[in-house]
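Following: one structure in structure tokens, then a few remarks.
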Amino acid sequence: MNQILTKLERKYSRFAIPNLMTILVFGMALVFLLDTFTSANPDYEYTLSSLLYFDWELIKKGQIWRIITFLFMPEGESPLFIIFELYFYWLIGKSLETHWGSFRFNVFYFIGAIGSAISGIFTGYATNEYLNLSMFLAFATLFPNFEVLLFFFIPVKMKFLGWLSGAGLILMLIFYPWIYKIAILVSMLNFILFFGKDFYQRIRLFFRRLKFRKQNKSGWKNNHWWEDDNNNPWKK
């Protein structure tokens, strides 16, 4: 994957969008503010979100902008939660862009965005939830010891939150219907492409170590047969 990205970056890096996460977060904040204004005003029949969310049936009827605009949908309705959410998304997105460079972060994000849109074809509805989760898992993988304040005062390392989120994702893949399993996997395609090989190697190494320890433990017992009372001639 790194070799492919390096070749693509040499040719197409000029097309990368710098500060992509800043643009997305600003768009989410704007949608939230306009939604708050229109929902509080009885003169407005629709909120901005109602015109932006992904709906496959409406897209087939010609509202093709929804293929892109669902990326600007904020999650939640509480202003305090939105402030924390958008800051956190900006932090992890900006950190990934700084670590990878604008081009690779663009590739990572837009692969996830395309995957999320494709998942909407299966389910009829798409969300940026799994795309944002893929960024979160990427950040936790690259910066495992980075600390965040859970509930604003409990310091927690990202690797623990990453494991918790990964466990929740695995449970969804186990218990959700097949159509949603496919949608989740397609939405997480960016994370799989960027980190799948590394995780596969880690899992192989883990089982190799278990096998090695088991063999060593078995060999140690065979070499210390005299410690067994039944085989110890001095205790007969």
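Identifiers in the structure tokens: chain A, B, ... in order shown; residue index from 1 per chain; ligand index from 1 in order shown.
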
Within 10 Å of segment 159-162 of chain A, counting only C-alpha atoms, which residues qualify if same-chain residues fewer than 4 places away don't, as a list in words?
-> Leu133, Phe136, Leu137, Ala138, Phe139, Ala140, Thr141, Leu142, Phe143, Pro144, Asn145, Phe146, Glu147, Val148, Leu150, Gly166, Ala167 and Gly168 of chain A

Using C-alpha atoms, can you export the residues from the last selection as a PDB file, in the first residue's frame?
ATOM      1  CA  LEU A 133     -14.762   5.938  13.464  1.00  0.00           C
ATOM      2  CA  PHE A 136     -10.512   7.569  15.275  1.00  0.00           C
ATOM      3  CA  LEU A 137      -9.084   4.041  14.950  1.00  0.00           C
ATOM      4  CA  ALA A 138      -6.311   5.295  12.657  1.00  0.00           C
ATOM      5  CA  PHE A 139      -5.380   7.943  15.220  1.00  0.00           C
ATOM      6  CA  ALA A 140      -5.445   5.389  18.056  1.00  0.00           C
ATOM      7  CA  THR A 141      -3.211   3.073  16.005  1.00  0.00           C
ATOM      8  CA  LEU A 142      -0.638   5.739  15.146  1.00  0.00           C
ATOM      9  CA  PHE A 143      -0.714   7.583  18.492  1.00  0.00           C
ATOM     10  CA  PRO A 144      -1.636   4.917  21.086  1.00  0.00           C
ATOM     11  CA  ASN A 145      -0.230   6.817  24.076  1.00  0.00           C
ATOM     12  CA  PHE A 146      -1.963  10.101  23.318  1.00  0.00           C
ATOM     13  CA  GLU A 147      -4.209  11.014  26.255  1.00  0.00           C
ATOM     14  CA  VAL A 148      -7.678  12.522  26.106  1.00  0.00           C
ATOM     15  CA  LEU A 150     -12.891  11.381  29.188  1.00  0.00           C
ATOM     16  CA  GLY A 166     -12.710  -2.053  17.957  1.00  0.00           C
ATOM     17  CA  ALA A 167     -14.488  -4.498  20.267  1.00  0.00           C
ATOM     18  CA  GLY A 168     -17.786  -2.712  19.654  1.00  0.00           C
TER      19      GLY A 168
END

Please give the complete set of residues from segment 11-233 of chain A that DSSP, run on the backbone, assigns to strand (DSSP E), formatted as a list in words.
-> Phe54, Asp55, Tyr125, Ala126, Glu147, Val148, Leu149, Leu150, Ile154, Pro155, Val156 and Lys157 of chain A

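With only C-alpha atoms as the atoms that count, the residue of A:Phe84, A:Tyr109, A:Phe72, A:Trp90 with the shortest distance to Leu189 of chain A is A:Tyr109.
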
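Every protein, DNA or RNA residue with an atom at most 12 Å from Tyr12 of chain A, where only C-alpha atoms count and chain neighbours fewer than 3 positions away do not, is listed here: Leu5, Thr6, Lys7, Leu8, Glu9, Phe15, Ala16, Ile17, Ser102, Phe103, Arg104, Asn106 and Val107 of chain A.
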
Dump of N, CA and C atoms for the selected residues, as a tab-separated table (two decimals), in the first residue's frame:
chain	number	residue	atom	x	y	z
A	5	LEU	N	0.83	4.30	-2.75
A	5	LEU	CA	0.57	5.69	-2.35
A	5	LEU	C	1.72	6.60	-2.73
A	6	THR	N	2.95	6.10	-2.61
A	6	THR	CA	4.12	6.90	-2.98
A	6	THR	C	4.09	7.26	-4.46
A	7	LYS	N	3.76	6.27	-5.30
A	7	LYS	CA	3.68	6.53	-6.75
A	7	LYS	C	2.56	7.51	-7.08
A	8	LEU	N	1.41	7.31	-6.45
A	8	LEU	CA	0.29	8.21	-6.69
A	8	LEU	C	0.58	9.63	-6.21
A	9	GLU	N	1.27	9.71	-5.07
A	9	GLU	CA	1.57	11.02	-4.51
A	9	GLU	C	2.49	11.83	-5.41
A	15	PHE	N	-3.22	17.80	-6.49
A	15	PHE	CA	-4.68	17.84	-6.41
A	15	PHE	C	-5.20	17.66	-4.98
A	16	ALA	N	-4.30	17.42	-4.04
A	16	ALA	CA	-4.72	17.21	-2.65
A	16	ALA	C	-5.32	18.48	-2.06
A	17	ILE	N	-6.31	18.32	-1.22
A	17	ILE	CA	-6.96	19.45	-0.55
A	17	ILE	C	-6.30	19.64	0.81
A	102	SER	N	-0.94	15.85	3.28
A	102	SER	CA	-2.29	16.14	2.79
A	102	SER	C	-2.79	15.09	1.81
A	103	PHE	N	-1.91	14.64	0.89
A	103	PHE	CA	-2.35	13.70	-0.13
A	103	PHE	C	-2.82	12.39	0.47
A	104	ARG	N	-2.02	11.79	1.34
A	104	ARG	CA	-2.39	10.49	1.91
A	104	ARG	C	-3.62	10.60	2.81
A	106	ASN	N	-6.02	12.74	2.34
A	106	ASN	CA	-7.13	12.85	1.39
A	106	ASN	C	-7.54	11.49	0.87
A	107	VAL	N	-6.55	10.66	0.52
A	107	VAL	CA	-6.85	9.32	0.01
A	107	VAL	C	-7.59	8.50	1.07

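If only C-alpha atoms are the atoms counted, then among A:Pro177, A:Gly124, A:Tyr87, A:Lys197 the closest residue to Thr22 of chain A is A:Tyr87.
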
May I have all residues of segment 11-213 of chain A that DSSP, computed from the backbone, assigns to alpha helix (DSSP H), given as a ChimeraX atom specification?
-> /A:11-12,20-40,48-52,56-60,66-69,79-100,102-123,129-142,158-175,178-187,189-213

Give me a file of those residues, with C-alpha atoms, as a CSV table (one decimal), in the first residue's frame.
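Heads up, here's the output in out-v2.csv:
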chain,number,residue,atom,x,y,z
A,11,LYS,CA,1.8,12.2,-9.8
A,12,TYR,CA,-1.2,13.7,-8.1
A,20,LEU,CA,-9.4,19.0,4.6
A,21,MET,CA,-10.6,18.4,8.2
A,22,THR,CA,-10.8,22.1,8.9
A,23,ILE,CA,-13.1,22.5,6.0
A,24,LEU,CA,-15.3,19.5,7.0
A,25,VAL,CA,-15.5,20.6,10.6
A,26,PHE,CA,-16.4,24.2,9.6
A,27,GLY,CA,-19.1,22.7,7.4
A,28,MET,CA,-20.5,20.6,10.2
A,29,ALA,CA,-20.6,23.6,12.5
A,30,LEU,CA,-22.4,25.6,9.9
A,31,VAL,CA,-25.0,22.9,9.4
A,32,PHE,CA,-25.5,22.6,13.1
A,33,LEU,CA,-26.0,26.4,13.6
A,34,LEU,CA,-28.4,26.7,10.6
A,35,ASP,CA,-30.4,23.6,11.9
A,36,THR,CA,-30.7,25.2,15.3
A,37,PHE,CA,-31.9,28.5,13.8
A,38,THR,CA,-34.4,26.9,11.4
A,39,SER,CA,-35.8,24.4,13.9
A,40,ALA,CA,-36.5,27.2,16.3
A,48,LEU,CA,-30.6,22.1,6.3
A,49,SER,CA,-29.9,18.6,7.5
A,50,SER,CA,-33.1,17.4,5.9
A,51,LEU,CA,-31.7,18.5,2.5
A,52,LEU,CA,-28.2,17.0,3.0
A,56,TRP,CA,-30.7,6.5,-1.8
A,57,GLU,CA,-34.3,6.8,-3.0
A,58,LEU,CA,-34.1,10.6,-3.1
A,59,ILE,CA,-30.7,10.3,-4.9
A,60,LYS,CA,-32.3,8.1,-7.6
A,66,ARG,CA,-26.7,14.0,-1.1
A,67,ILE,CA,-23.9,11.6,-2.2
A,68,ILE,CA,-21.4,14.2,-0.9
A,69,THR,CA,-23.3,16.5,1.5
A,79,PRO,CA,-24.2,22.3,21.7
A,80,LEU,CA,-21.7,21.2,24.3
A,81,PHE,CA,-21.4,17.8,22.7
A,82,ILE,CA,-21.1,19.3,19.2
A,83,ILE,CA,-18.3,21.6,20.4
A,84,PHE,CA,-16.4,18.6,21.9
A,85,GLU,CA,-17.1,16.4,18.9
A,86,LEU,CA,-16.0,18.9,16.2
A,87,TYR,CA,-12.9,19.8,18.1
A,88,PHE,CA,-12.0,16.1,18.6
A,89,TYR,CA,-12.6,15.4,14.9
A,90,TRP,CA,-10.5,18.4,13.9
A,91,LEU,CA,-7.7,17.2,16.3
A,92,ILE,CA,-7.5,13.7,14.9
A,93,GLY,CA,-7.9,14.7,11.3
A,94,LYS,CA,-5.3,17.4,11.6
A,95,SER,CA,-2.9,15.0,13.3
A,96,LEU,CA,-3.3,12.4,10.6
A,97,GLU,CA,-2.8,15.0,7.9
A,98,THR,CA,0.4,16.2,9.7
A,99,HIS,CA,1.6,12.6,10.0
A,100,TRP,CA,0.8,11.4,6.5
A,102,SER,CA,-2.3,16.1,2.8
A,103,PHE,CA,-2.3,13.7,-0.1
A,104,ARG,CA,-2.4,10.5,1.9
A,105,PHE,CA,-4.9,11.9,4.3
A,106,ASN,CA,-7.1,12.8,1.4
A,107,VAL,CA,-6.8,9.3,0.0
A,108,PHE,CA,-7.7,7.8,3.4
A,109,TYR,CA,-10.7,10.1,3.9
A,110,PHE,CA,-12.2,9.8,0.4
A,111,ILE,CA,-11.8,6.0,0.3
A,112,GLY,CA,-13.9,6.0,3.5
A,113,ALA,CA,-16.3,8.5,2.0
A,114,ILE,CA,-16.8,6.4,-1.1
A,115,GLY,CA,-17.2,3.3,1.0
A,116,SER,CA,-19.8,5.0,3.1
A,117,ALA,CA,-21.7,6.1,0.0
A,118,ILE,CA,-21.6,2.6,-1.4
A,119,SER,CA,-22.8,1.2,1.9
A,120,GLY,CA,-25.9,3.4,1.4
A,121,ILE,CA,-26.7,1.6,-1.8
A,122,PHE,CA,-27.1,-1.6,0.3
A,123,THR,CA,-29.0,-0.1,3.2
A,129,GLU,CA,-20.4,7.7,11.6
A,130,TYR,CA,-18.2,4.8,10.4
A,131,LEU,CA,-16.0,7.1,8.4
A,132,ASN,CA,-15.3,9.2,11.6
A,133,LEU,CA,-14.8,5.9,13.5
A,134,SER,CA,-12.1,4.9,10.9
A,135,MET,CA,-10.3,8.2,11.5
A,136,PHE,CA,-10.5,7.6,15.3
A,137,LEU,CA,-9.1,4.0,15.0
A,138,ALA,CA,-6.3,5.3,12.7
A,139,PHE,CA,-5.4,7.9,15.2
A,140,ALA,CA,-5.4,5.4,18.1
A,141,THR,CA,-3.2,3.1,16.0
A,142,LEU,CA,-0.6,5.7,15.1
A,158,MET,CA,-6.1,6.4,23.0
A,159,LYS,CA,-5.1,2.8,22.7
A,160,PHE,CA,-7.7,1.8,25.3
A,161,LEU,CA,-10.4,3.8,23.6
A,162,GLY,CA,-9.3,2.2,20.3
A,163,TRP,CA,-9.6,-1.3,21.7
A,164,LEU,CA,-13.0,-0.5,23.1
A,165,SER,CA,-14.2,0.9,19.8
A,166,GLY,CA,-12.7,-2.1,18.0
A,167,ALA,CA,-14.5,-4.5,20.3
A,168,GLY,CA,-17.8,-2.7,19.7
A,169,LEU,CA,-17.2,-2.9,15.9
A,170,ILE,CA,-16.5,-6.6,16.1
A,171,LEU,CA,-19.7,-7.2,18.1
A,172,MET,CA,-21.7,-5.3,15.4
A,173,LEU,CA,-20.1,-7.5,12.7
A,174,ILE,CA,-21.2,-10.6,14.7
A,175,PHE,CA,-24.7,-9.7,15.6
A,178,TRP,CA,-25.6,-9.4,6.8
A,179,ILE,CA,-26.6,-6.3,4.9
A,180,TYR,CA,-25.3,-4.1,7.7
A,181,LYS,CA,-22.2,-6.2,8.1
A,182,ILE,CA,-21.3,-5.5,4.4
A,183,ALA,CA,-22.1,-1.8,4.8
A,184,ILE,CA,-19.8,-1.5,7.9
A,185,LEU,CA,-16.9,-3.4,6.1
A,186,VAL,CA,-17.3,-1.2,3.0
A,187,SER,CA,-17.4,1.9,5.1
A,189,LEU,CA,-12.4,-0.1,3.7
A,190,ASN,CA,-9.9,2.8,4.2
A,191,PHE,CA,-8.8,1.6,7.6
A,192,ILE,CA,-8.5,-2.0,6.3
A,193,LEU,CA,-6.3,-0.9,3.3
A,194,PHE,CA,-4.1,1.3,5.4
A,195,PHE,CA,-3.7,-0.9,8.5
A,196,GLY,CA,-4.9,-4.4,7.6
A,197,LYS,CA,-1.5,-5.8,6.7
A,198,ASP,CA,0.0,-4.4,9.9
A,199,PHE,CA,-2.7,-5.9,12.0
A,200,TYR,CA,-2.5,-9.2,10.2
A,201,GLN,CA,1.3,-9.4,10.9
A,202,ARG,CA,0.7,-8.5,14.6
A,203,ILE,CA,-1.8,-11.3,14.9
A,204,ARG,CA,0.5,-13.8,13.3
A,205,LEU,CA,3.3,-12.6,15.6
A,206,PHE,CA,1.1,-13.0,18.6
A,207,PHE,CA,0.2,-16.6,17.8
A,208,ARG,CA,3.8,-17.4,17.0
A,209,ARG,CA,4.8,-16.2,20.4
A,210,LEU,CA,2.1,-18.3,22.1
A,211,LYS,CA,3.2,-21.3,20.2
A,212,PHE,CA,6.9,-20.6,21.1
A,213,ARG,CA,6.0,-20.2,24.8

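Interatomic distance, atom CA of Glu75 of chain A to atom CA of Leu149 of chain A: 19.7 Å.
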